[in-house]
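Written below as structure tokens is the structure these notes are about.
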Amino acid sequence: MGREMRVKKTAAGQPASPAAPLAGYAEYLRDAGVMEIWGPESFRWAGMKQRGEAYPGLGDVHTLDALRDFIGDCKRCKLCNGRTNIVFGAGNPDAKLVFVGEGPGRDEDIKGEPFVGRAGQLLTDIIEKGMKLERSGVYIANVVKCRPPENRNPEEGEIAACEPFLKKQLQLIAPKFICTLGKFATQTLLKTKEPISLLRGNWREYEGIRLIPTFHPAYLLRNPGDKKLVWADVQKLMAEYNGED
């Protein structure tokens with residue numbers, strides 16, 4: 001995470017108060033080598049956020065392949081310490097529909113592909129048997145791209161470190177629809193703390209893209225009785241999807 005932050009002091013030995021506004025101070029810290037700042041609202045580089053850029057150079061990335069190269073052997077959060085592979089995303093780069101999940105599990109970490117385990121097979125069934133689409137025709141990504149240890153929930157700092165890459169993926173794909181799978185994907189994109197049980201099945205919007213949340217396939221493996229709720233959500237989605245030109 002960059003080198004240790006050192007605070008300038010005045011001649012009297014007191015910490016200097018930055019004269020520039022917060023954005024300018026963030027730039028000063030960046031130039032000093034501080035790579036990340038965590039705080040309320042997962043604050044990250046106010047100056048860069050004003051330019052729509054979470055990491056230097058991200059705004060100059062214009063393809064998914066270039067974005068994967070930009071991420072590189074990512075060490076921007078502690079999830080890098082236990083991963084086998086970065087799970088970037090997979091599917092049609094011009095997809096009309098993007099599914100967004102939480103994060104890779106063990107099978108995904110090994111293969112480097114999203115949703116390839118039991119939950120992935122259920123998602124494939126939803127797409128191909130329920131929606132009558134080809135899995136290769138949609139795009140599938142996750143909020144975090146490295147597996148959390150023991151499949152624990154991703155932490156706020158980990159989400160904040162990885163979210164700019166998900167946002168960039170969605171900008172580059174520019175889908176008509178997003179289907180968020182589960183609590184973390186839904187709450188991250190919608191910036192809400194509402195429970196998924198209340199959010200699912202209700203149309204929302206993410207940066208001009210229509211978004212519908214539903215339960216995560218892993219949840220359905222533990223609670224098969226709720227598959228009927230997901231089927232209702234899928235029907236809502238497909239009614240709009242098929243009505244698009």
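Going through the structure tokens in order, the chains are called A, B, and so on, while each chain numbers its residues from 1 and the ligands are numbered from 1 in the order shown.
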Discussion item. Can you tell me which residues surround A:Val100 at a distance of at most 9 Å, considering only C-alpha atoms, apart from same-chain residues fewer than 4 positions away, and format the answer as an MDAnalysis selection string?
Written reply: chainID A and resid 139:143 166 178:182 185:186
Closest atom pairs, stretch 121-165 of chain A residues within 12 Å of stretch 208-224 of chain A, only C-alpha atoms, as a Markdown table:
| residue | atom | partner | partner_atom | distance |
| --- | --- | --- | --- | --- |
| A:Gln121 | CA | A:Pro217 | CA | 8.9 |
| A:Leu122 | CA | A:Pro217 | CA | 6.2 |
| A:Leu123 | CA | A:Pro217 | CA | 6.2 |
| A:Thr124 | CA | A:Pro217 | CA | 9.8 |
| A:Asp125 | CA | A:Pro217 | CA | 10.3 |
| A:Ile126 | CA | A:Pro217 | CA | 9.2 |
| A:Ile127 | CA | A:Pro217 | CA | 11.6 |
| A:Asn142 | CA | A:His216 | CA | 11.5 |
| A:Asn151 | CA | A:Ala218 | CA | 11.3 |
Selected residues, C-alpha atoms, written as an mmCIF file, in the first residue's frame, please.
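The file below, part-v1.cif, is the result:
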data_model
loop_
_atom_site.group_PDB
_atom_site.id
_atom_site.type_symbol
_atom_site.label_atom_id
_atom_site.label_comp_id
_atom_site.auth_asym_id
_atom_site.auth_seq_id
_atom_site.Cartn_x
_atom_site.Cartn_y
_atom_site.Cartn_z
ATOM 1 C CA GLN A 121 -24.062 -24.380 -12.529
ATOM 2 C CA LEU A 122 -27.299 -23.144 -11.006
ATOM 3 C CA LEU A 123 -26.714 -19.712 -12.547
ATOM 4 C CA THR A 124 -26.062 -21.387 -15.901
ATOM 5 C CA ASP A 125 -29.374 -23.234 -15.562
ATOM 6 C CA ILE A 126 -31.160 -19.977 -14.764
ATOM 7 C CA ILE A 127 -29.657 -18.320 -17.842
ATOM 8 C CA ASN A 142 -18.147 -10.029 -9.251
ATOM 9 C CA ASN A 151 -15.454 -17.771 1.411
#
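Counting only C-alpha atoms, the residue from A:Glu158, A:Asp107, A:Glu102, A:Asp226 that sits nearest to A:Ser197 is A:Asp226.
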Discussion item. For A:Asp69, find every residue with an atom within 12 Å (counting only C-alpha atoms), except residues of its own chain fewer than 4 positions away, and show them as a list in words.
Written reply: Gly57, Leu58, Val61, His62, Thr63, Leu64, Asp65, Asp73, Cys74, Ile86, Phe88 and Phe165 of chain A
Resulting file, chosen residues, N, CA and C atoms, as a CSV table (one decimal), in the first residue's frame:
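Written output follows (selection_18.csv):
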chain,number,residue,atom,x,y,z
A,57,GLY,N,-4.7,6.6,-14.3
A,57,GLY,CA,-4.6,5.9,-15.5
A,57,GLY,C,-5.9,5.1,-15.9
A,58,LEU,N,-6.7,4.9,-14.9
A,58,LEU,CA,-7.9,4.1,-15.1
A,58,LEU,C,-8.8,4.7,-16.2
A,61,VAL,N,-8.3,3.7,-19.8
A,61,VAL,CA,-8.6,2.3,-20.2
A,61,VAL,C,-9.9,2.3,-21.0
A,62,HIS,N,-9.8,1.6,-22.2
A,62,HIS,CA,-11.0,1.7,-23.1
A,62,HIS,C,-11.5,0.3,-23.6
A,63,THR,N,-10.9,-0.8,-23.2
A,63,THR,CA,-11.3,-2.1,-23.5
A,63,THR,C,-11.2,-3.0,-22.3
A,64,LEU,N,-12.0,-4.1,-22.3
A,64,LEU,CA,-11.9,-5.0,-21.2
A,64,LEU,C,-10.5,-5.7,-21.1
A,65,ASP,N,-9.9,-6.0,-22.2
A,65,ASP,CA,-8.6,-6.6,-22.2
A,65,ASP,C,-7.6,-5.6,-21.6
A,73,ASP,N,-1.2,-8.0,-11.6
A,73,ASP,CA,-1.1,-8.9,-10.4
A,73,ASP,C,-1.5,-8.1,-9.2
A,74,CYS,N,-2.7,-7.8,-9.1
A,74,CYS,CA,-3.2,-6.8,-8.2
A,74,CYS,C,-2.9,-7.1,-6.7
A,86,ILE,N,-6.8,-14.2,-10.0
A,86,ILE,CA,-7.7,-13.1,-10.1
A,86,ILE,C,-8.9,-13.6,-11.0
A,88,PHE,N,-11.5,-12.1,-13.2
A,88,PHE,CA,-11.8,-10.8,-13.7
A,88,PHE,C,-13.3,-10.8,-14.2
A,165,PHE,N,-13.0,-1.2,-10.5
A,165,PHE,CA,-12.8,-2.1,-11.7
A,165,PHE,C,-14.1,-2.6,-12.1
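For the atom pair formed by atom CA of A:Ile159 and atom CA of A:Leu172, the distance is 19.7 Å, given to one decimal.
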